[in-house]
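First the structure, in the form of structure tokens, and then the observations on it.
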Amino acid sequence: MSLAEASLAETTESLTPEAAQGPDYLAPLRLMRGHLGDSSARLAFAIGLATLGVFAELVPVWAVYRLVAAAVAGTLDWPLVTTHAAIAALGVIVGFAAMGLALGQSHLVAFDVIHRVRLAAARHMARLPLGYFAERPSGDAKKQVVDEPEKLEAIVAHGLPEGVSSVATWLAVSIWLFAVDWRMALAAIVLTPVSFVLLGIGMKRGGTYATAYQRANARMNAAIVEYLAGMPVVKVFNRTRDSFAETSAAARAYADIETRWARAYLPLGGAFYMLVIANIVVILPVGLMLVKAGTLDLPTLLLFVILGANYSQPLLKLFNQFHGLAHIAMGSSAVTDLLAQEPQADSGRRVILRNHDVAFEKVRFGYGQNDVLHGVGFLARTGEVTALVGPSGSGKSTIAALVARFRDVREGNVSIGGVDVRDMAIDQLMETVAFVFQDTFLFSDTIAANIRFGNPDASDDQVRAAAEAARAHDFIMALDHGYDTPLGEQGRTLSGGERQRIAIARAILKDAPVIVLDEATAFADPDNEAAIQDAIAALTKGRTLIVVAHRLHTIMAADQILCIDRGHVAERGRHRQLLEQNGLYARLWEDYLHARNTPLRPANAATITQEAV
Ligand SMILES: Nc1ncnc2c1ncn2[C@@H]1O[C@H](COP(=O)(O)OP(=O)(O)OP(=O)(O)O)[C@@H](O)[C@H]1O
């Protein structure tokens with residue numbers, strides 16, 4: 001089986017009866033209705049104008065009918081011709097003007113609705129636990145906030161005014177035609193329900209590919225993003241061809257699903273397109289038979305031939321609307337799902353903390369089915385440094401993340417100053433805890449703005465003082481524009497160590513009583529590591545500092561070292577005490593010293609070089 005076939009097979013796995021239900025076609029309307037705000041009157045006005053426009057477009061058809069009828073009756077004269085020509089011209093002008101105005105208004109409403117949906121989605125995301133994002137591809141969030149709401153434009157700006165006005169006009173003219181002659185009216189509309197049934201079947205058939213389409217689309221996006229993001233690794237391991245084959249297979253699978261969808265939908269959609277305007281094929285023979293039988297006069301036949309054959313034309317617009325509706329519906333459902341996600345519980349209570357001790361009591365936590373922490377308990381005291389060390393994957397970063405409620409515990413509790421972190425307002429928790437992440441995130445803004453992120457009200461002097469304390473001032477001043485130097489995307493123009501010192505400056509400026517440093521020294525070059533240690537020491541005064549550390553010499557002076565092993569605290573104490581215990585910490589220390597003192601041997605270097613090339 002080729003990669004593309006395997007990819008397609010995996011993508012179409014979802015075509016089970018349950019998954020094949022198809023998109024929820026009403027989802028865009030529900031999403032729109034919920035975010036229409038004060039624009040509903042304007043939207044109704046746009047629909048009304050569009051309806052007027054479609055009616056006006058039929059006026060020339062009516063004028064031609066009147067003139068032909070007069071000619072048949074022998075009453076045609078110049079005044080009649082000029083009056084009807086003027087009415088027809090007016091109809092065209094009013095039609096264009098009304099439709100133009102309607103579309104202008106409906107676009108304004110659409111931009112408003114899209115803006116509201118985007119804000120609601122972005123705001124809601126900010127209230128979700130961070131775990132929600134960790135479990136999804138990063139592109140998903142951007143799609144839900146940026147791309148999917150954009151699709152509502154087709155519904156609000158075009159679908160509603162054009163669709164509603166087309167159907168309304170069609171219904172009104174049908175009623176009028178029934179009033180004129182019910183037999184001919186029946187002949188005029190008989191094909192329309194058939195065409196709509198075919199369109200419905202086409203949409204249902206096409207809709208069975210909706211889930212597979214969505215999966216294929218997500219796979220393709222993820223494959224392309226990964227291919228581009230992993231380009232340096234791909235190149236250095238000379239795997240360009242293999243990696244491209246995977247990306248290409250995902251793109252092929254996507255194209256195949258699109259083709260299947262189109263094959264299922266287009267023949268029936270095309271039949272709708274044809275049948276909607278084919279009513280003349282029925283009108284003419286039926287009319288001629290009735291004229292021959294003497295039960296229909298010629299002018300009425302002409303009315304149906306001219307008007308009956310034209311008034312269904314606006315329904316063709318629906319074909320284009322429905323064609324894209326499935327994609328829009330799936331996008332709206334994705335946004336609706338996001339908005340339905342339970343936000344992180346927020347007690348909203350601002351509480352008085354008796355101190356800033358951080359306490360873990362019998363904390364159990366896991367990702368998905370797997371438990372990662374099994375009854376973790378410790379007390380990190382105010383004014384002390386508590387270090388978390390342990391083998392890779394033992395749970396150190398997970399413990400750190402629980403302090404700031406990036407995730408919530410499954411059992412037990414995490415408290416600050418005697419208050420469970422779930423019982424205090426999230427705002428208060430965020431004011432209380434500063435976090436320096438493993439991967440420092442810097443915004444595409446100036447250095448000063450990035451440091452000031454810790455405290456938007458800070459003066460220039462305070463920003464500078466924080467940078468000095470974080471030992472970042474000197475390298476900042478060496479840059480062309482000092483504190484006003486703009487940083488590239490995610491601060492890529494800085495080294496890893498420099499980025500971390502900016503992040504520490506940010507945390508210093510925030511002046512939070514609890515600080516969590518997750519491997520903040522991992523990238524620091526040896527020259528600057530001592531400086532960062534000084535900065536961290538300055539941070540500690542009066543604060544609770546929890547440090548996740550790999551470089552054990554940086555935490556030798558810590559007040560408390562917690563040695564984490566497979567999700568529990570295996571040992572605790574100060575550096576000396578733990579060495580004397582001769583347990584896990586002593587082994588980690590030995591390994592650490594050994595690794596520090598062992599230069600890269602030529603044999604190792606050769607192996608690495610061979611692998612890399
Ligand atoms: N988002 C996640 N989803 C599923 N499992 C996760 C997730 N994050 C971490 N884990 C798992 O939880 C365990 C603990 O991870 P954690 O990052 O806390 O370890 P760590 O001690 O900080 O490791 P390291 O020192 O290598 O950074 C690991 O087995 C890891 O694979």
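How things are named: the first chain in the structure tokens is A, the next is B, and so on; residues count from 1 in each chain; ligands count from 1 in the order shown.
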Query - 10 Å contact set for segment 56-73 of chain A, only C-alpha atoms, chain neighbours under 6 positions out, as a ChimeraX atom specification - result: /A:50,80-81,83-99,169,173,298-311,314
Would you export the selected residues with N, CA and C atoms as a compact mmCIF listing (two decimals), in the first residue's frame, please?
# COMPACT_ATOMS: atom_id res chain seq x y z
N ALA A 50 -32.67 43.47 -0.59
CA ALA A 50 -32.33 42.46 -1.59
C ALA A 50 -33.60 41.91 -2.23
N LEU A 80 -47.48 53.57 -25.10
CA LEU A 80 -47.40 52.33 -24.31
C LEU A 80 -45.95 51.81 -24.28
N VAL A 81 -45.32 51.86 -25.48
CA VAL A 81 -43.94 51.35 -25.57
C VAL A 81 -43.01 52.18 -24.69
N THR A 83 -43.72 54.20 -22.17
CA THR A 83 -44.00 54.06 -20.73
C THR A 83 -43.39 52.77 -20.19
N HIS A 84 -43.60 51.67 -20.92
CA HIS A 84 -43.08 50.39 -20.43
C HIS A 84 -41.56 50.32 -20.49
N ALA A 85 -41.00 50.97 -21.51
CA ALA A 85 -39.52 51.00 -21.57
C ALA A 85 -38.99 51.75 -20.36
N ALA A 86 -39.68 52.87 -20.01
CA ALA A 86 -39.24 53.66 -18.84
C ALA A 86 -39.39 52.83 -17.56
N ILE A 87 -40.53 52.12 -17.45
CA ILE A 87 -40.75 51.28 -16.25
C ILE A 87 -39.66 50.20 -16.16
N ALA A 88 -39.36 49.60 -17.34
CA ALA A 88 -38.33 48.55 -17.36
C ALA A 88 -36.99 49.12 -16.93
N ALA A 89 -36.65 50.32 -17.47
CA ALA A 89 -35.36 50.94 -17.12
C ALA A 89 -35.32 51.23 -15.62
N LEU A 90 -36.45 51.75 -15.10
CA LEU A 90 -36.52 52.04 -13.67
C LEU A 90 -36.31 50.75 -12.85
N GLY A 91 -36.95 49.67 -13.35
CA GLY A 91 -36.80 48.38 -12.66
C GLY A 91 -35.34 47.97 -12.58
N VAL A 92 -34.64 48.14 -13.73
CA VAL A 92 -33.22 47.75 -13.76
C VAL A 92 -32.42 48.60 -12.77
N ILE A 93 -32.69 49.94 -12.81
CA ILE A 93 -31.93 50.84 -11.92
C ILE A 93 -32.21 50.52 -10.45
N VAL A 94 -33.52 50.42 -10.14
CA VAL A 94 -33.88 50.12 -8.74
C VAL A 94 -33.29 48.76 -8.33
N GLY A 95 -33.36 47.80 -9.24
CA GLY A 95 -32.83 46.46 -8.95
C GLY A 95 -31.36 46.51 -8.58
N PHE A 96 -30.58 47.20 -9.45
CA PHE A 96 -29.14 47.30 -9.19
C PHE A 96 -28.87 48.05 -7.89
N ALA A 97 -29.57 49.20 -7.76
CA ALA A 97 -29.31 50.04 -6.58
C ALA A 97 -29.67 49.28 -5.30
N ALA A 98 -30.86 48.65 -5.31
CA ALA A 98 -31.30 47.96 -4.09
C ALA A 98 -30.35 46.81 -3.76
N MET A 99 -29.96 46.06 -4.79
CA MET A 99 -29.07 44.92 -4.54
C MET A 99 -27.70 45.40 -4.06
N THR A 169 -39.04 36.03 -3.43
CA THR A 169 -39.55 36.50 -4.71
C THR A 169 -40.17 35.34 -5.48
N VAL A 173 -44.06 35.41 -6.63
CA VAL A 173 -44.44 35.33 -8.05
C VAL A 173 -45.23 34.05 -8.30
N LEU A 298 -54.07 33.66 -25.39
CA LEU A 298 -52.68 33.80 -25.81
C LEU A 298 -51.85 34.71 -24.88
N PRO A 299 -52.40 35.89 -24.45
CA PRO A 299 -51.60 36.76 -23.56
C PRO A 299 -51.18 36.04 -22.28
N THR A 300 -52.09 35.22 -21.71
CA THR A 300 -51.72 34.50 -20.48
C THR A 300 -50.61 33.49 -20.77
N LEU A 301 -50.71 32.81 -21.92
CA LEU A 301 -49.63 31.88 -22.29
C LEU A 301 -48.31 32.65 -22.38
N LEU A 302 -48.39 33.85 -22.98
CA LEU A 302 -47.17 34.66 -23.12
C LEU A 302 -46.61 35.05 -21.75
N LEU A 303 -47.53 35.39 -20.84
CA LEU A 303 -47.08 35.74 -19.49
C LEU A 303 -46.26 34.60 -18.89
N PHE A 304 -46.76 33.40 -19.03
CA PHE A 304 -46.06 32.26 -18.44
C PHE A 304 -44.76 31.93 -19.18
N VAL A 305 -44.82 32.11 -20.53
CA VAL A 305 -43.61 31.81 -21.30
C VAL A 305 -42.50 32.79 -20.89
N ILE A 306 -42.87 34.09 -20.78
CA ILE A 306 -41.83 35.09 -20.49
C ILE A 306 -41.47 35.09 -19.00
N LEU A 307 -42.49 35.20 -18.15
CA LEU A 307 -42.22 35.33 -16.71
C LEU A 307 -41.86 33.98 -16.08
N GLY A 308 -42.66 32.97 -16.46
CA GLY A 308 -42.47 31.64 -15.86
C GLY A 308 -41.07 31.11 -16.11
N ALA A 309 -40.53 31.40 -17.29
CA ALA A 309 -39.21 30.87 -17.61
C ALA A 309 -38.10 31.65 -16.92
N ASN A 310 -38.41 32.85 -16.44
CA ASN A 310 -37.35 33.70 -15.87
C ASN A 310 -37.34 33.77 -14.35
N TYR A 311 -38.51 33.61 -13.75
CA TYR A 311 -38.56 33.96 -12.34
C TYR A 311 -37.84 32.98 -11.42
N PRO A 314 -33.29 33.51 -10.09
CA PRO A 314 -32.58 33.86 -8.85
C PRO A 314 -32.28 32.65 -7.97
Query raised in the report: Hey, which residues come within 7 Å of ligand 1 if we count only C-alpha atoms and all ligand atoms? Could you give them as a ChimeraX atom specification?
Result: /A:131,134-135,367-368,372,390-399
Kindly save the residues from that selection, with N, CA and C atoms included, as a tab-separated table (two decimals), in the first residue's frame.
chain	number	residue	atom	x	y	z
A	131	GLY	N	-4.07	23.05	29.35
A	131	GLY	CA	-4.03	21.67	28.86
A	131	GLY	C	-4.80	21.51	27.56
A	134	ALA	N	-2.44	22.17	24.80
A	134	ALA	CA	-1.33	21.22	24.70
A	134	ALA	C	-1.75	19.96	23.97
A	135	GLU	N	-3.06	19.63	24.05
A	135	GLU	CA	-3.51	18.38	23.46
A	135	GLU	C	-3.94	18.53	22.01
A	367	TYR	N	-2.05	12.73	32.65
A	367	TYR	CA	-2.50	13.19	31.33
A	367	TYR	C	-3.28	12.04	30.73
A	368	GLY	N	-4.51	12.29	30.29
A	368	GLY	CA	-5.32	11.21	29.71
A	368	GLY	C	-5.48	10.11	30.75
A	372	VAL	N	0.68	10.52	36.31
A	372	VAL	CA	2.08	10.92	36.26
A	372	VAL	C	2.58	11.26	37.67
A	390	GLY	N	15.48	15.49	39.42
A	390	GLY	CA	15.07	14.10	39.21
A	390	GLY	C	15.31	13.70	37.77
A	391	PRO	N	15.19	12.41	37.49
A	391	PRO	CA	15.42	11.94	36.13
A	391	PRO	C	14.42	12.56	35.14
A	392	SER	N	14.79	12.53	33.89
A	392	SER	CA	13.92	13.06	32.85
A	392	SER	C	12.58	12.30	32.86
A	393	GLY	N	11.50	13.04	32.78
A	393	GLY	CA	10.17	12.42	32.73
A	393	GLY	C	9.63	12.05	34.09
A	394	SER	N	10.33	12.45	35.18
A	394	SER	CA	9.87	12.04	36.51
A	394	SER	C	8.67	12.86	36.98
A	395	GLY	N	8.44	14.05	36.37
A	395	GLY	CA	7.25	14.83	36.72
A	395	GLY	C	7.52	16.22	37.26
A	396	LYS	N	8.76	16.71	37.12
A	396	LYS	CA	9.13	18.01	37.70
A	396	LYS	C	8.33	19.16	37.06
A	397	SER	N	8.31	19.21	35.72
A	397	SER	CA	7.61	20.31	35.05
A	397	SER	C	6.11	20.23	35.33
A	398	THR	N	5.62	19.00	35.46
A	398	THR	CA	4.19	18.84	35.75
A	398	THR	C	3.86	19.44	37.11
A	399	ILE	N	4.72	19.18	38.10
A	399	ILE	CA	4.50	19.75	39.44
A	399	ILE	C	4.49	21.28	39.35
Query raised in the report: So how far away is atom CA of Thr386 of chain A from atom CA of His550 of chain A, in Å?
Result: 13.6 Å
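Nearest to Ala278 of chain A of all the residues A:Leu191, A:Gln321, A:Asp460, A:Asp77 is A:Leu191, counting only C-alpha atoms.
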Requested in this report: For Phe435 of chain A, list every protein, DNA or RNA residue within 12 Å, evaluated using only C-alpha atoms, and leave out those in the same chain fewer than 4 positions away; present the list as JSON, numbers by chain.
Outcome: {"A": [397, 400, 401, 402, 403, 404, 405, 406, 429, 430, 431, 439, 440, 441, 454, 500, 503, 504, 505, 506, 507, 508, 510, 511, 512, 513, 514, 515, 516, 517, 518, 519, 520, 544, 545, 546, 547, 548]}
Saved selection, atoms kept: C-alpha atoms, as a PDB file, in the first residue's frame:
ATOM      1  CA  SER A 397       7.608  20.306  35.051  1.00  0.00           C
ATOM      2  CA  ALA A 400       5.581  23.276  38.490  1.00  0.00           C
ATOM      3  CA  ALA A 401       2.615  23.648  36.121  1.00  0.00           C
ATOM      4  CA  LEU A 402       0.148  22.721  38.871  1.00  0.00           C
ATOM      5  CA  VAL A 403       1.237  25.704  40.998  1.00  0.00           C
ATOM      6  CA  ALA A 404      -0.104  28.141  38.382  1.00  0.00           C
ATOM      7  CA  ARG A 405      -3.150  25.942  37.634  1.00  0.00           C
ATOM      8  CA  PHE A 406      -2.047  25.314  34.066  1.00  0.00           C
ATOM      9  CA  LEU A 429      -3.540  33.494  41.347  1.00  0.00           C
ATOM     10  CA  MET A 430      -1.947  35.037  38.257  1.00  0.00           C
ATOM     11  CA  GLU A 431      -0.939  38.093  40.273  1.00  0.00           C
ATOM     12  CA  ASP A 439      10.541  27.797  26.291  1.00  0.00           C
ATOM     13  CA  THR A 440      10.557  31.528  26.778  1.00  0.00           C
ATOM     14  CA  PHE A 441       7.966  33.267  24.653  1.00  0.00           C
ATOM     15  CA  GLY A 454       5.397  41.733  33.537  1.00  0.00           C
ATOM     16  CA  GLN A 500      15.810  33.668  29.344  1.00  0.00           C
ATOM     17  CA  ALA A 503      12.006  36.398  30.803  1.00  0.00           C
ATOM     18  CA  ILE A 504      13.605  36.674  34.253  1.00  0.00           C
ATOM     19  CA  ALA A 505      13.526  40.481  34.007  1.00  0.00           C
ATOM     20  CA  ARG A 506       9.840  40.206  33.156  1.00  0.00           C
ATOM     21  CA  ALA A 507       9.244  38.040  36.240  1.00  0.00           C
ATOM     22  CA  ILE A 508      11.259  40.445  38.429  1.00  0.00           C
ATOM     23  CA  LYS A 510       5.968  41.459  37.902  1.00  0.00           C
ATOM     24  CA  ASP A 511       7.138  41.355  41.528  1.00  0.00           C
ATOM     25  CA  ALA A 512       4.974  38.323  42.325  1.00  0.00           C
ATOM     26  CA  PRO A 513       5.431  36.680  45.725  1.00  0.00           C
ATOM     27  CA  VAL A 514       5.682  33.161  44.236  1.00  0.00           C
ATOM     28  CA  ILE A 515       8.082  32.483  41.369  1.00  0.00           C
ATOM     29  CA  VAL A 516       8.365  29.252  39.419  1.00  0.00           C
ATOM     30  CA  LEU A 517      11.448  28.844  37.231  1.00  0.00           C
ATOM     31  CA  ASP A 518      11.188  25.857  34.933  1.00  0.00           C
ATOM     32  CA  GLU A 519      14.728  24.994  33.872  1.00  0.00           C
ATOM     33  CA  ALA A 520      15.468  28.661  33.511  1.00  0.00           C
ATOM     34  CA  THR A 544       8.725  31.617  47.478  1.00  0.00           C
ATOM     35  CA  LEU A 545      10.931  30.297  44.693  1.00  0.00           C
ATOM     36  CA  ILE A 546      10.390  26.903  43.111  1.00  0.00           C
ATOM     37  CA  VAL A 547      13.086  25.934  40.607  1.00  0.00           C
ATOM     38  CA  VAL A 548      13.064  22.978  38.255  1.00  0.00           C
TER      39      VAL A 548
END
Requested in this report: Using only C-alpha atoms, find the one residue out of A:Glu411, A:Asp24, A:Glu468, A:Asp484 that sits nearest to Ile447 of chain A.
Outcome: A:Asp484
Requested in this report: Would you list, as number ranges by chain, the residues of segment 193-418 of chain A that end up in alpha helix (DSSP H) under DSSP run on this structure's backbone?
Outcome: A: 193-207, 210-229, 231-236, 240-276, 280-292, 298-303, 309-310, 316-340, 396-403
